[in-house]
Amino acid sequence: MSEAWDEALYSKADQKKLAAVCAVLADRFPGVSGAVLGVQGRQLLFTAETASDMVTRRADDEKALRKLARVLNDADAVIQGLSRFSREAFLHRAYMEGMQCSFDHVAAIATSVADRVPETPFHSRENVRAIFLVEDARRVWSTNTAKEAPPGGLNPESPFAAFLTDLFAALSVGSEPRSAFQAWQKYRDSGLF
């Protein structure tokens, strides 16, 4: 991608991070083309910027979903209390506008999701960016070295650990690679990765 595209797509701060990530990649994988490293660098930056979207505020989300279910059940009761003509006119219009479910059905969905929220994997006490970056870094490592990244305990003296350390520094992750690797292992063992 050209510099003009980078300037259009990324803030100055993200351009600096991208340059730092690409420098780490070029240092670790000197035989890989700059174009490939650029794509990999952009993916790593994207992961660092978006992984926190996966964090669940478990208690707040569950409470909000249960409130939504109550409100939808109340709305369903109001709809059922309308005269037949008004109820059918509303339901027909709602259907024509794309509403395919009744309020009580949507309330049941909200309740079902609320019941599962406590089981969601990521919560705000974890550095989710670091966990997702371990997964992406493993993919980059195996692609560029034709060797799998370590599947078990991370030796702090290993080349992969040094790669993670440099990558975390370039992306200002704020986590120690070994603890991030252990958290990644927990989620890998659960089947999430």
# chains A, B, ... in the order shown; residues from 1 in each chain; ligands from 1
>>> residues_around(residues="A:Phe132", least_positions_apart="3", cutoff="8 Å", atoms="only C-alpha atoms", output="ChimeraX atom specification")
/A:47-48,51,128-129,135-136,184
>>> closest_atom_pairs(of="stretch 60-96 of chain A", to="stretch 102-124 of chain A", cutoff="9 Å", atoms="only C-alpha atoms", output="Markdown table")
| residue | atom | partner | partner_atom | distance |
| --- | --- | --- | --- | --- |
| A:Asp61 | CA | A:Val117 | CA | 7.2 |
| A:Glu62 | CA | A:Ala114 | CA | 4.8 |
| A:Lys63 | CA | A:Ala114 | CA | 7.7 |
| A:Ala64 | CA | A:Ala114 | CA | 8.4 |
| A:Leu65 | CA | A:Ala114 | CA | 5.5 |
| A:Arg66 | CA | A:Thr111 | CA | 6.0 |
| A:Lys67 | CA | A:Ala110 | CA | 9.0 |
| A:Leu68 | CA | A:Ala110 | CA | 6.8 |
| A:Ala69 | CA | A:Ala107 | CA | 4.2 |
| A:Arg70 | CA | A:Ala107 | CA | 7.2 |
| A:Val71 | CA | A:Ala107 | CA | 8.1 |
| A:Leu72 | CA | A:Phe103 | CA | 5.4 |
| A:Asn73 | CA | A:Asp104 | CA | 5.5 |
| A:Asp74 | CA | A:Phe103 | CA | 8.7 |
| A:Ala75 | CA | A:Phe103 | CA | 6.7 |
| A:Asp76 | CA | A:Phe103 | CA | 5.3 |
| A:Ala77 | CA | A:Asp104 | CA | 8.8 |
| A:Ile79 | CA | A:Phe103 | CA | 8.9 |
| A:Leu91 | CA | A:Ser102 | CA | 8.5 |
>>> closest_atom_pairs(of="stretch 43-152 of chain A", to="stretch 30-36 of chain A", cutoff="10 Å", atoms="only C-alpha atoms", output="JSON lines")
{"residue": "A:Thr143", "atom": "CA", "partner": "A:Val32", "partner_atom": "CA", "distance": 9.9}
{"residue": "A:Asn144", "atom": "CA", "partner": "A:Val32", "partner_atom": "CA", "distance": 6.9}
{"residue": "A:Thr145", "atom": "CA", "partner": "A:Val32", "partner_atom": "CA", "distance": 9.4}
>>> write_last_selection(atoms="N, CA and C atoms", output="PDB file, in the first residue's frame")
ATOM      1  N   THR A 143       3.882 -18.443   9.329  1.00  0.00           N
ATOM      2  CA  THR A 143       3.896 -18.116   7.904  1.00  0.00           C
ATOM      3  C   THR A 143       5.297 -17.732   7.446  1.00  0.00           C
ATOM      4  N   ASN A 144       5.979 -16.931   8.234  1.00  0.00           N
ATOM      5  CA  ASN A 144       7.274 -16.390   7.815  1.00  0.00           C
ATOM      6  C   ASN A 144       8.463 -17.302   8.099  1.00  0.00           C
ATOM      7  N   THR A 145       8.305 -18.243   9.023  1.00  0.00           N
ATOM      8  CA  THR A 145       9.428 -19.126   9.350  1.00  0.00           C
ATOM      9  C   THR A 145       9.202 -20.556   8.879  1.00  0.00           C
TER      10      THR A 145
END
>>> closest_residue(among="A:Ser190, A:Ser83, A:Asn127, A:Asn155", to="A:Arg178", atoms="only C-alpha atoms")
A:Asn155
>>> select_by_dssp(residues="stretch 37-187 of chain A", states="helix (DSSP H, G or I)", output="MDAnalysis selection string")
chainID A and resid 37:54 58:81 84:96 103:119 128:145 159:170 177:187
>>> residues_around(residues="A:Ser175", least_positions_apart="5", cutoff="12 Å", atoms="only C-alpha atoms", output="number ranges by chain")
A: 126-131, 133-134, 164-170, 180-183
>>> closest_residue(among="A:Phe160, A:Val21, A:Ser179, A:Gly41", to="A:Glu148", atoms="only C-alpha atoms")
A:Phe160
>>> atom_distance(atom1="atom CA of A:Ala149", atom2="atom CA of A:Leu171")
19.9 Å
>>> atom_distance(atom1="atom CA of A:Trp5", atom2="atom CA of A:Thr50")
19.8 Å
>>> atom_distance(atom1="atom CA of A:Asp53", atom2="atom CA of A:Lys16")
22.1 Å
>>> decode(residues="stretch 106-121 of chain A", atoms="N, CA and C atoms", output="PDB file, in the first residue's frame")
ATOM      1  N   VAL A 106     -38.490 -11.501  20.679  1.00  0.00           N
ATOM      2  CA  VAL A 106     -37.248 -10.751  20.864  1.00  0.00           C
ATOM      3  C   VAL A 106     -36.887 -10.701  22.349  1.00  0.00           C
ATOM      4  N   ALA A 107     -37.891 -10.592  23.219  1.00  0.00           N
ATOM      5  CA  ALA A 107     -37.643 -10.615  24.661  1.00  0.00           C
ATOM      6  C   ALA A 107     -37.030 -11.954  25.072  1.00  0.00           C
ATOM      7  N   ALA A 108     -37.518 -13.038  24.494  1.00  0.00           N
ATOM      8  CA  ALA A 108     -36.958 -14.360  24.800  1.00  0.00           C
ATOM      9  C   ALA A 108     -35.504 -14.449  24.336  1.00  0.00           C
ATOM     10  N   ILE A 109     -35.203 -13.856  23.193  1.00  0.00           N
ATOM     11  CA  ILE A 109     -33.817 -13.827  22.705  1.00  0.00           C
ATOM     12  C   ILE A 109     -32.945 -13.044  23.680  1.00  0.00           C
ATOM     13  N   ALA A 110     -33.419 -11.885  24.121  1.00  0.00           N
ATOM     14  CA  ALA A 110     -32.660 -11.061  25.064  1.00  0.00           C
ATOM     15  C   ALA A 110     -32.399 -11.829  26.367  1.00  0.00           C
ATOM     16  N   THR A 111     -33.400 -12.541  26.850  1.00  0.00           N
ATOM     17  CA  THR A 111     -33.238 -13.337  28.067  1.00  0.00           C
ATOM     18  C   THR A 111     -32.225 -14.458  27.855  1.00  0.00           C
ATOM     19  N   SER A 112     -32.312 -15.112  26.708  1.00  0.00           N
ATOM     20  CA  SER A 112     -31.385 -16.195  26.397  1.00  0.00           C
ATOM     21  C   SER A 112     -29.940 -15.701  26.357  1.00  0.00           C
ATOM     22  N   VAL A 113     -29.727 -14.555  25.739  1.00  0.00           N
ATOM     23  CA  VAL A 113     -28.379 -13.983  25.679  1.00  0.00           C
ATOM     24  C   VAL A 113     -27.934 -13.572  27.081  1.00  0.00           C
ATOM     25  N   ALA A 114     -28.821 -12.970  27.851  1.00  0.00           N
ATOM     26  CA  ALA A 114     -28.483 -12.562  29.226  1.00  0.00           C
ATOM     27  C   ALA A 114     -28.063 -13.764  30.064  1.00  0.00           C
ATOM     28  N   ASP A 115     -28.734 -14.900  29.865  1.00  0.00           N
ATOM     29  CA  ASP A 115     -28.380 -16.111  30.607  1.00  0.00           C
ATOM     30  C   ASP A 115     -26.960 -16.577  30.294  1.00  0.00           C
ATOM     31  N   ARG A 116     -26.490 -16.288  29.081  1.00  0.00           N
ATOM     32  CA  ARG A 116     -25.168 -16.755  28.651  1.00  0.00           C
ATOM     33  C   ARG A 116     -24.048 -15.740  28.892  1.00  0.00           C
ATOM     34  N   VAL A 117     -24.393 -14.501  29.171  1.00  0.00           N
ATOM     35  CA  VAL A 117     -23.380 -13.461  29.354  1.00  0.00           C
ATOM     36  C   VAL A 117     -22.324 -13.833  30.402  1.00  0.00           C
ATOM     37  N   PRO A 118     -22.707 -14.413  31.536  1.00  0.00           N
ATOM     38  CA  PRO A 118     -21.662 -14.765  32.516  1.00  0.00           C
ATOM     39  C   PRO A 118     -20.628 -15.759  31.978  1.00  0.00           C
ATOM     40  N   GLU A 119     -20.943 -16.452  30.910  1.00  0.00           N
ATOM     41  CA  GLU A 119     -20.026 -17.424  30.333  1.00  0.00           C
ATOM     42  C   GLU A 119     -19.149 -16.834  29.225  1.00  0.00           C
ATOM     43  N   THR A 120     -19.336 -15.553  28.915  1.00  0.00           N
ATOM     44  CA  THR A 120     -18.548 -14.958  27.835  1.00  0.00           C
ATOM     45  C   THR A 120     -17.080 -14.985  28.210  1.00  0.00           C
ATOM     46  N   PRO A 121     -16.216 -15.158  27.223  1.00  0.00           N
ATOM     47  CA  PRO A 121     -14.812 -15.409  27.538  1.00  0.00           C
ATOM     48  C   PRO A 121     -14.009 -14.213  28.029  1.00  0.00           C
TER      49      PRO A 121
END
